[in-house]
>>> print(open('my_file-v4.txt').read())   # compact mmCIF, C-alpha atoms
# COMPACT_ATOMS: atom_id res chain seq x y z
CA MET B 30 115.56 66.97 65.86
CA ILE B 31 114.86 64.66 68.78
CA GLU B 32 111.56 66.42 69.44
CA ARG B 33 110.46 65.68 65.86
CA TRP B 34 111.30 62.00 66.23
CA ILE B 35 109.35 61.82 69.49
CA GLU B 36 106.40 63.64 67.89
CA TRP B 37 106.45 61.26 64.92
CA TYR B 38 106.60 58.24 67.25
CA ASN B 39 103.66 59.61 69.26
CA GLU B 40 101.57 60.04 66.11
CA LEU B 41 102.48 56.52 65.02
CA LEU B 42 101.30 55.04 68.33
CA THR B 43 98.14 57.16 68.35
CA GLY B 44 97.29 55.99 64.83
CA THR B 45 97.10 52.41 66.03
CA GLY B 46 93.98 53.22 68.07
CA MET B 47 95.57 52.84 71.50
CA SER B 48 94.31 54.77 74.46
CA GLU B 49 96.14 57.98 75.36
CA GLY B 50 97.42 56.55 78.67
CA LEU B 51 98.84 53.46 76.94
CA VAL B 52 100.45 55.63 74.26
CA VAL B 53 102.17 57.75 76.92
CA PHE B 54 103.34 54.64 78.78
CA ILE B 55 104.79 52.98 75.65
CA GLU B 56 106.36 56.24 74.55
CA ASN B 57 108.09 56.78 77.93
CA ALA B 58 109.14 53.13 78.17
CA SER B 59 110.61 53.28 74.68
CA ILE B 60 112.58 56.45 75.50
CA ILE B 61 113.88 54.86 78.69
CA LEU B 62 114.92 51.68 76.88
CA ILE B 63 116.54 53.67 74.07
CA THR B 64 118.40 55.80 76.63
CA ILE B 65 119.65 52.71 78.46
CA GLY B 66 120.62 51.11 75.16
CA LEU B 67 122.51 54.19 74.02
CA ALA B 68 124.30 54.44 77.39
CA ILE B 69 125.32 50.77 77.19
CA LEU B 70 126.37 51.21 73.55
CA ALA B 71 128.42 54.31 74.37
CA ASP B 72 130.07 52.50 77.28
CA PHE B 73 130.85 49.52 75.02
CA ILE B 74 132.27 51.70 72.24
CA VAL B 75 134.46 53.69 74.62
CA ARG B 76 135.66 50.73 76.71
CA LYS B 77 136.04 47.99 74.14
CA ILE B 78 136.90 49.89 70.99
CA ILE B 79 138.51 53.22 71.93
CA ILE B 80 140.22 52.20 75.20
CA GLY B 81 141.03 48.76 73.75
CA SER B 82 142.80 50.45 70.85
CA ILE B 83 144.66 52.76 73.23
CA LYS B 84 145.88 49.76 75.28
CA LYS B 85 147.12 47.98 72.15
CA MET B 86 148.96 51.12 71.04
CA ALA B 87 150.50 51.46 74.50
CA LYS B 88 151.78 47.87 74.38
CA ARG B 89 153.37 48.42 70.99
CA SER B 90 154.93 51.70 72.04
CA LYS B 91 158.54 51.74 73.24
CA ASN B 92 157.73 54.41 75.83
CA ASP B 93 156.85 53.46 79.40
CA TRP B 94 154.73 56.50 80.24
CA ASP B 95 151.71 55.40 78.18
CA ASP B 96 151.75 52.01 79.97
CA VAL B 97 151.59 53.89 83.27
CA PHE B 98 148.46 55.78 82.18
CA VAL B 99 146.83 52.50 81.17
CA ARG B 100 147.84 50.77 84.39
CA ARG B 101 146.53 53.68 86.47
CA LYS B 102 143.17 53.36 84.61
CA VAL B 103 143.07 56.99 83.50
CA PHE B 104 141.19 56.11 80.31
CA ASN B 105 138.91 53.59 82.04
CA ARG B 106 137.68 56.24 84.44
CA LEU B 107 137.24 58.71 81.60
CA ALA B 108 134.92 56.21 79.88
CA HIS B 109 132.28 56.72 82.61
CA LEU B 110 131.55 60.19 81.20
CA ALA B 111 129.94 58.92 77.98
CA PRO B 112 126.91 57.06 79.48
CA ALA B 113 126.50 59.77 82.13
CA TRP B 114 126.29 62.49 79.49
CA ILE B 115 123.70 60.47 77.49
CA VAL B 116 121.52 60.03 80.58
CA PHE B 117 121.82 63.73 81.41
CA ALA B 118 120.87 64.76 77.86
CA SER B 119 117.85 62.41 77.86
CA LEU B 120 116.30 63.50 81.17
CA GLN B 121 114.14 66.22 79.62
CA TYR B 122 112.50 63.63 77.35
CA LEU B 123 112.02 61.02 80.09
CA PHE B 124 110.00 63.05 82.61
CA ASP B 125 107.52 65.87 82.39
CA ALA B 126 107.98 67.15 85.95
CA ALA B 127 110.48 70.02 85.78
CA THR B 128 111.45 69.60 89.45
CA LEU B 129 112.30 65.92 88.99
CA VAL B 130 114.21 66.60 85.78
CA LYS B 131 116.23 69.31 87.49
CA PHE B 132 117.01 67.10 90.52
CA LEU B 133 118.09 64.15 88.38
CA GLY B 134 120.04 66.52 86.15
CA ASN B 135 121.89 67.84 89.18
CA LEU B 136 122.69 64.27 90.23
CA ALA B 137 124.01 63.49 86.75
CA GLN B 138 126.16 66.64 86.70
CA ALA B 139 127.51 65.88 90.17
CA TYR B 140 128.34 62.36 89.02
CA MET B 141 130.23 63.75 86.01
CA VAL B 142 132.17 66.13 88.28
CA ILE B 143 133.16 63.17 90.47
CA VAL B 144 134.19 61.17 87.38
CA VAL B 145 136.36 64.05 86.17
CA LEU B 146 137.86 64.29 89.68
CA MET B 147 138.72 60.59 89.65
CA VAL B 148 140.29 60.99 86.20
CA ILE B 149 142.44 63.86 87.46
CA ASP B 150 143.39 61.80 90.53
CA ALA B 151 144.50 58.86 88.35
CA PHE B 152 146.28 61.26 85.98
CA LEU B 153 148.28 62.81 88.84
CA ASN B 154 149.14 59.36 90.20
CA ALA B 155 150.40 58.37 86.75
CA LEU B 156 152.51 61.53 86.47
CA HIS B 157 153.97 60.85 89.92
CA GLU B 158 154.85 57.28 88.97
CA ILE B 159 156.52 58.48 85.76
CA TYR B 160 158.48 61.07 87.75
CA GLN B 161 159.71 58.42 90.18
CA LYS B 162 161.32 56.58 87.27
CA LEU B 163 163.35 59.66 86.29
CA PRO B 164 166.93 60.08 87.62
CA ILE B 165 166.06 63.44 89.22
CA SER B 166 163.52 61.76 91.53
CA SER B 167 166.29 60.11 93.57
CA GLY B 168 167.06 63.45 95.19
CA ARG B 169 163.66 65.13 95.26
CA ASN B 170 160.43 63.68 96.59
CA ILE B 171 157.29 65.39 95.21
CA LYS B 172 154.58 63.23 96.80
CA GLY B 173 153.63 66.10 99.13
CA PHE B 174 153.18 68.46 96.18
CA VAL B 175 151.03 65.91 94.35
CA GLN B 176 148.83 65.52 97.41
CA VAL B 177 148.41 69.30 97.70
CA VAL B 178 147.34 69.51 94.03
CA LYS B 179 144.85 66.70 94.69
CA ILE B 180 143.44 68.56 97.69
CA ILE B 181 142.97 71.66 95.53
CA PHE B 182 141.05 69.68 92.89
CA TYR B 183 138.95 67.94 95.56
CA PHE B 184 138.13 71.33 97.03
CA VAL B 185 137.15 72.69 93.60
CA ALA B 186 134.98 69.60 92.98
CA VAL B 187 133.14 70.07 96.28
CA ILE B 188 132.51 73.74 95.44
CA MET B 189 131.18 72.80 92.00
CA ILE B 190 128.83 70.13 93.41
CA ILE B 191 127.50 72.54 96.00
CA SER B 192 127.11 75.13 93.26
CA ILE B 193 125.12 72.64 91.11
CA PHE B 194 122.60 71.84 93.86
CA SER B 195 122.35 75.39 95.25
CA ASP B 196 122.07 77.20 91.90
CA LYS B 197 124.75 79.64 93.01
CA ALA B 198 127.87 80.54 91.10
CA PRO B 199 131.14 79.06 92.46
CA SER B 200 132.54 82.59 92.83
CA VAL B 201 129.72 83.43 95.26
CA LEU B 202 130.48 80.34 97.34
CA LEU B 203 134.20 81.12 97.37
CA ALA B 204 133.48 84.66 98.53
CA GLY B 205 131.44 83.25 101.41
CA LEU B 206 134.32 80.98 102.39
CA GLY B 207 136.53 84.01 102.99
CA ALA B 208 134.84 84.52 106.35
CA MET B 209 135.68 80.93 107.24
CA ALA B 210 139.39 81.28 106.46
CA ALA B 211 140.41 81.22 110.12
CA VAL B 212 138.37 78.08 110.74
CA LEU B 213 139.78 76.42 107.63
CA MET B 214 143.33 77.24 108.69
CA LEU B 215 142.67 75.65 112.07
CA VAL B 216 141.11 72.54 110.54
CA PHE B 217 143.86 72.15 107.93
CA LYS B 218 146.73 73.22 110.20
CA ASP B 219 148.61 69.93 109.86
CA THR B 220 148.08 69.90 106.10
CA ILE B 221 149.42 73.44 105.74
CA LEU B 222 152.43 72.68 107.95
CA GLY B 223 153.02 69.45 106.04
CA PHE B 224 152.88 71.27 102.72
CA VAL B 225 155.43 73.87 103.83
CA ALA B 226 157.64 71.11 105.27
CA SER B 227 157.40 69.11 102.03
CA ILE B 228 158.66 72.12 100.09
CA GLN B 229 161.63 72.54 102.43
CA LEU B 230 162.46 68.83 102.52
CA SER B 231 162.39 68.63 98.74
CA ALA B 232 164.15 71.92 98.01
CA ASN B 233 166.95 71.27 100.52
CA LYS B 234 167.20 67.52 99.77
CA MET B 235 166.97 66.79 103.47
CA VAL B 236 165.41 63.34 103.21
CA ASN B 237 164.18 61.00 100.50
CA VAL B 238 162.58 57.58 100.28
CA GLY B 239 165.25 54.94 100.94
CA ASP B 240 167.36 57.13 103.25
CA TRP B 241 168.38 55.77 106.63
CA ILE B 242 167.35 58.26 109.31
CA SER B 243 167.22 58.17 113.09
CA MET B 244 164.97 60.28 115.30
CA PRO B 245 164.91 58.95 118.89
CA LYS B 246 161.98 61.15 119.95
CA TYR B 247 159.69 59.19 117.62
CA ASN B 248 161.47 55.84 118.12
CA ALA B 249 162.53 55.97 114.48
CA ASP B 250 165.75 54.35 113.32
CA GLY B 251 165.63 52.77 109.89
CA ASP B 252 164.81 53.32 106.22
CA VAL B 253 162.27 55.88 104.99
CA ILE B 254 159.59 53.97 103.07
CA ASP B 255 157.09 56.76 102.39
CA ILE B 256 156.95 60.57 102.48
CA SER B 257 153.46 62.03 102.29
CA LEU B 258 151.92 65.41 102.97
CA ASN B 259 151.32 64.76 106.67
CA THR B 260 153.54 61.85 107.66
CA VAL B 261 156.88 60.20 107.01
CA LYS B 262 156.97 56.42 107.53
CA VAL B 263 160.18 54.78 108.71
CA GLN B 264 160.69 51.03 108.81
CA ASN B 265 162.90 50.38 111.81
CA TRP B 266 165.51 47.64 111.87
CA ASP B 267 163.19 45.50 114.00
CA LYS B 268 160.65 45.80 111.13
CA THR B 269 158.27 48.04 113.11
CA ILE B 270 156.90 51.14 111.38
CA ALA B 271 157.48 54.54 112.99
CA THR B 272 155.35 57.49 111.82
CA ILE B 273 156.79 61.00 112.03
CA PRO B 274 154.87 64.23 111.27
CA THR B 275 156.39 65.70 108.13
CA TYR B 276 156.82 69.14 109.68
CA ALA B 277 158.75 67.56 112.60
CA LEU B 278 161.64 66.82 110.21
CA VAL B 279 161.95 70.56 109.63
CA SER B 280 161.26 71.90 113.12
CA GLU B 281 163.30 69.26 114.98
CA SER B 282 166.67 67.57 114.51
CA PHE B 283 167.25 64.13 113.03
CA ASN B 284 170.17 62.18 111.62
CA ASN B 285 170.27 61.24 107.95
CA TRP B 286 172.88 58.57 107.29
CA LYS B 287 172.79 58.98 103.51
CA GLY B 288 176.09 60.86 103.57
CA MET B 289 177.72 57.89 105.25
CA GLU B 290 176.22 55.48 102.72
CA ASP B 291 177.36 57.61 99.79
CA SER B 292 180.88 57.99 101.19
CA GLY B 293 181.70 54.29 100.84
CA GLY B 294 182.71 53.90 104.47
CA ARG B 295 181.19 53.52 107.92
CA ARG B 296 182.85 54.91 111.01
CA ILE B 297 184.32 52.73 113.73
CA LYS B 298 184.84 54.85 116.83
CA ARG B 299 185.49 52.79 119.92
CA SER B 300 188.00 52.85 122.75
CA LEU B 301 189.30 50.60 125.50
CA ASN B 302 190.96 51.63 128.76
CA ILE B 303 194.56 50.66 129.51
CA ASP B 304 195.61 50.08 133.10
CA MET B 305 198.28 52.78 133.43
CA ASN B 306 200.21 50.69 135.97
CA SER B 307 201.07 48.30 133.13
CA VAL B 308 202.80 50.99 130.99
CA GLY B 309 206.60 50.86 130.97
CA PHE B 310 209.83 50.99 128.94
CA LEU B 311 210.92 48.08 126.75
CA ASP B 312 214.02 46.12 127.67
CA SER B 313 216.34 44.48 125.14
CA ASP B 314 214.59 41.12 125.36
CA GLN B 315 211.23 42.69 124.62
CA ILE B 316 212.69 44.65 121.72
CA GLU B 317 214.05 41.47 120.19
CA LYS B 318 210.72 39.78 120.76
CA PHE B 319 208.81 42.53 118.93
CA ARG B 320 211.41 42.60 116.14
CA LYS B 321 210.11 39.15 115.20
CA PHE B 322 206.59 40.52 114.73
CA HIS B 323 206.01 40.92 111.01
CA LEU B 324 204.01 44.16 111.48
CA LEU B 325 206.63 45.68 113.82
CA LYS B 326 209.93 44.57 112.30
CA GLU B 327 210.48 47.67 110.17
CA TYR B 328 209.22 49.99 112.93
CA ILE B 329 211.55 48.48 115.56
CA ASN B 330 214.59 48.78 113.28
CA LEU B 331 213.87 52.38 112.33
CA LYS B 332 212.90 53.44 115.85
CA GLU B 333 215.94 51.80 117.42
CA LYS B 334 218.22 53.57 114.96
CA GLU B 335 216.46 56.93 115.52
CA LEU B 336 216.72 56.69 119.30
CA ALA B 337 220.34 55.56 119.21
CA GLU B 338 221.33 58.53 117.02
CA PHE B 339 219.46 60.95 119.26
CA ASN B 340 220.93 59.61 122.51
CA ASN B 341 224.46 59.45 121.06
CA SER B 342 224.22 63.04 119.88
CA LEU B 343 223.64 64.10 123.49
CA ARG B 344 226.23 61.64 124.89
CA LEU B 345 223.76 60.39 127.48
CA ASP B 346 224.26 57.53 129.87
CA GLU B 347 221.59 55.13 128.75
CA GLU B 348 221.99 52.96 131.81
CA THR B 349 220.02 55.58 133.72
CA VAL B 350 216.30 55.23 133.07
CA THR B 351 215.64 58.96 132.97
CA ASN B 352 218.36 59.65 130.42
CA GLY B 353 217.50 59.63 126.71
CA ARG B 354 214.55 58.45 124.75
CA LYS B 355 213.35 54.87 124.97
CA MET B 356 210.64 52.76 123.43
CA THR B 357 207.58 51.99 125.56
CA ASN B 358 205.25 49.04 125.42
CA LEU B 359 202.28 51.39 124.96
CA GLY B 360 203.87 53.30 122.06
CA THR B 361 204.88 50.05 120.41
CA PHE B 362 201.41 48.67 120.92
CA ARG B 363 199.88 51.77 119.35
CA LYS B 364 202.14 51.39 116.32
CA TYR B 365 201.16 47.72 116.11
CA LEU B 366 197.48 48.71 116.03
CA GLU B 367 198.14 51.19 113.22
CA GLU B 368 199.94 48.57 111.13
CA TYR B 369 197.33 45.94 111.93
CA LEU B 370 194.49 48.22 110.80
CA HIS B 371 196.37 49.40 107.70
CA ASN B 372 196.71 45.79 106.66
CA HIS B 373 193.11 44.88 107.52
CA PRO B 374 191.18 44.21 104.26
CA LYS B 375 187.94 45.69 105.64
CA ILE B 376 189.35 49.08 106.68
CA HIS B 377 188.96 52.03 104.29
CA LYS B 378 192.44 53.38 103.53
CA ASP B 379 191.35 56.74 102.06
CA MET B 380 189.26 58.00 104.97
CA THR B 381 190.10 59.31 108.45
CA PHE B 382 192.49 56.92 110.20
CA LEU B 383 193.43 57.46 113.85
CA VAL B 384 194.75 55.41 116.75
CA ARG B 385 195.02 57.90 119.58
CA HIS B 386 195.18 58.50 123.32
CA LEU B 387 192.29 60.20 125.05
CA GLN B 388 192.33 62.06 128.33
CA PRO B 389 193.35 59.69 131.17
CA THR B 390 190.67 59.14 133.79
CA ASP B 391 190.24 57.20 137.00
CA LYS B 392 189.35 54.26 134.78
CA GLY B 393 192.67 54.22 132.96
CA LEU B 394 194.09 55.57 129.72
CA PRO B 395 191.63 55.27 126.79
CA ILE B 396 193.09 54.14 123.46
CA GLU B 397 190.63 55.05 120.73
CA ILE B 398 190.27 53.44 117.32
CA TYR B 399 188.85 55.97 114.84
CA VAL B 400 188.71 54.42 111.37
CA PHE B 401 186.17 53.60 108.67
CA SER B 402 185.14 50.19 107.42
CA ASN B 403 184.64 49.71 103.68
CA ASP B 404 181.59 47.50 104.25
CA GLN B 405 178.50 49.46 105.33
CA ALA B 406 176.09 46.56 105.82
CA TRP B 407 175.05 46.49 109.46
CA ALA B 408 175.83 42.84 110.15
CA SER B 409 179.20 43.01 108.35
CA TYR B 410 180.07 46.29 110.07
CA GLU B 411 179.43 44.83 113.52
CA ALA B 412 181.42 41.71 112.64
CA ILE B 413 184.40 43.84 111.53
CA GLN B 414 184.34 45.80 114.80
CA ALA B 415 184.10 42.63 116.86
CA ASP B 416 186.96 41.00 114.93
CA ILE B 417 189.24 44.01 115.48
CA PHE B 418 188.62 44.29 119.21
CA ASP B 419 188.77 40.53 119.72
CA HIS B 420 192.28 40.69 118.32
CA ILE B 421 193.25 43.76 120.35
CA LEU B 422 192.15 42.23 123.65
CA ALA B 423 193.95 38.98 122.85
CA ILE B 424 197.24 40.62 121.77
CA MET B 425 197.57 43.16 124.60
CA PRO B 426 199.20 40.76 127.11
CA GLU B 427 202.02 40.21 124.56
CA PHE B 428 202.94 43.87 125.13
CA GLY B 429 202.70 43.62 128.90
CA LEU B 430 199.57 45.78 128.96
CA ARG B 431 196.38 45.19 130.90
CA VAL B 432 192.84 46.33 130.19
CA PHE B 433 191.26 48.27 133.04
CA GLN B 434 187.94 47.01 134.33
CA ASN B 435 186.14 47.36 137.61
CA PRO B 436 186.80 44.41 139.92
CA SER B 437 184.15 41.72 139.98
CA GLY B 438 183.33 38.88 142.36
CA GLY B 439 185.91 36.63 140.71
CA ASP B 440 188.68 39.19 141.30
CA PHE B 441 187.88 39.36 145.01
CA GLN B 442 187.88 35.59 145.23
CA LYS B 443 191.39 35.48 143.78
CA LEU B 444 192.57 38.01 146.36
CA THR B 445 191.13 36.10 149.29
CA SER B 446 192.52 32.80 148.01
CA THR B 447 196.03 34.24 147.86
>>> encode(input="my_file-v4.txt", output="structure tokens")
Amino acid sequence: MIERWIEWYNELLTGTGMSEGLVVFIENASIILITIGLAILADFIVRKIIIGSIKKMAKRSKNDWDDVFVRRKVFNRLAHLAPAWIVFASLQYLFDAATLVKFLGNLAQAYMVIVVLMVIDAFLNALHEIYQKLPISSGRNIKGFVQVVKIIFYFVAVIMIISIFSDKAPSVLLAGLGAMAAVLMLVFKDTILGFVASIQLSANKMVNVGDWISMPKYNADGDVIDISLNTVKVQNWDKTIATIPTYALVSESFNNWKGMEDSGGRRIKRSLNIDMNSVGFLDSDQIEKFRKFHLLKEYINLKEKELAEFNNSLRLDEETVTNGRKMTNLGTFRKYLEEYLHNHPKIHKDMTFLVRHLQPTDKGLPIEIYVFSNDQAWASYEAIQADIFDHILAIMPEFGLRVFQNPSGGDFQKLTST
């Protein structure tokens, strides 16, 4: 059909009495102009009319996924195929030289392969964005899988372009690559390891974007902001970015604090050392003093009654220190800490709650606080800890207890002055 139109146009120009060279020039120029015009027209129709209609439909739609495809420019990239195909189909009418037509045809085909590749890339990005909006995405990161699929398509595109210019079937090229498998595995070692690691991380729900992880070897302690095929990016608390190889999260150990965040509490585990020389029994005056403490009133009454019944049952002489059971300042202090923490509004009541002795050392007797705060924010958590231990250090002298600390220059000055 096109050949007939060209033949008719040639006869029309020849009938005007023009020279053969001028006829050929006008004929070729006309074909070129028509080709350019058709390419521009096709681009206009696809972009303004078809894609414009798609965008309007996407805006009216209640679904979000079609907006994602528009925003990712999937259809815009697809529009590049129309003018490219028109140019490719017109090459045989533009030039007589077969070699030139073939070369330009190869370029046009390669361009169309690249356009299709870009469309697939945008399509996969859109699918990934849609997936991230689904509830299931909170526990499974698939960015590594998406990147692997992209690599496969890029590899296929390269093979097809090579096949276009070499006039060899893609299967022949793939067969030749078999001998290069060892080299390819060496070149793409990190990619292969990252792919395997991505599968394990996703399948086992080991880490996800937004999790707080710490990995001292890589100076990482903060929130995960990106998980890709080869790297995991962590924004540390000082706002620096630490980069960890994806496979390192599988082959090495790291801490994921997501369990703590999901639990609703954050552990407070801290101890202070009591000078054991300050531990002793309570006398009657001290008992009366502590009975006035709101947090200890009930404990003192119950404990006093319990000890009196026990000692009376054995008919012991309580005037002797070694006879019977007696209250100590350390035991009373420990009970005070328990009551104080139970009544603290920032302490989680339904999680592990301990106030305990640790093994005595040459630095005194450690009293450990092992509780959970109900506020997990870092600044609030540190403030809660500080508030608790401020109070403990200030209240200890009321129980006749001293905190052990290594002597400093001021301590020696006091000794020499006395």
>>> atom_distance(input="my_file-v4.txt", atom1="atom CA of Ile188 of chain B", atom2="atom CA of Gln138 of chain B")
12.9 Å
>>> closest_residue(input="my_file-v4.txt", among="B:Glu411, B:Asp196, B:Asp150, B:Glu158", to="Ile181 of chain B", atoms="only C-alpha atoms")
B:Asp150
>>> atom_distance(input="my_file-v4.txt", atom1="atom CA of Asp404 of chain B", atom2="atom CA of Lys375 of chain B")
6.7 Å
>>> residues_around(input="my_file-v4.txt", residues="Arg363 of chain B", least_positions_apart="2", cutoff="10 Å", atoms="all atoms listed in the file", output="short mmCIF file (atom, residue, chain, number, x, y, z; two decimals) with C-alpha atoms, in the coordinates of the input")
data_model
loop_
_atom_site.label_atom_id
_atom_site.label_comp_id
_atom_site.auth_asym_id
_atom_site.auth_seq_id
_atom_site.Cartn_x
_atom_site.Cartn_y
_atom_site.Cartn_z
CA THR B 357 207.58 51.99 125.56
CA ASN B 358 205.25 49.04 125.42
CA LEU B 359 202.28 51.39 124.96
CA GLY B 360 203.87 53.30 122.06
CA THR B 361 204.88 50.05 120.41
CA TYR B 365 201.16 47.72 116.11
CA LEU B 366 197.48 48.71 116.03
CA GLU B 367 198.14 51.19 113.22
CA GLU B 368 199.94 48.57 111.13
CA TYR B 369 197.33 45.94 111.93
CA VAL B 384 194.75 55.41 116.75
CA ARG B 385 195.02 57.90 119.58
CA HIS B 386 195.18 58.50 123.32
CA ILE B 396 193.09 54.14 123.46
CA GLU B 397 190.63 55.05 120.73
CA ILE B 398 190.27 53.44 117.32
#
>>> atom_distance(input="my_file-v4.txt", atom1="atom CA of Val145 of chain B", atom2="atom CA of Leu222 of chain B")
28.4 Å
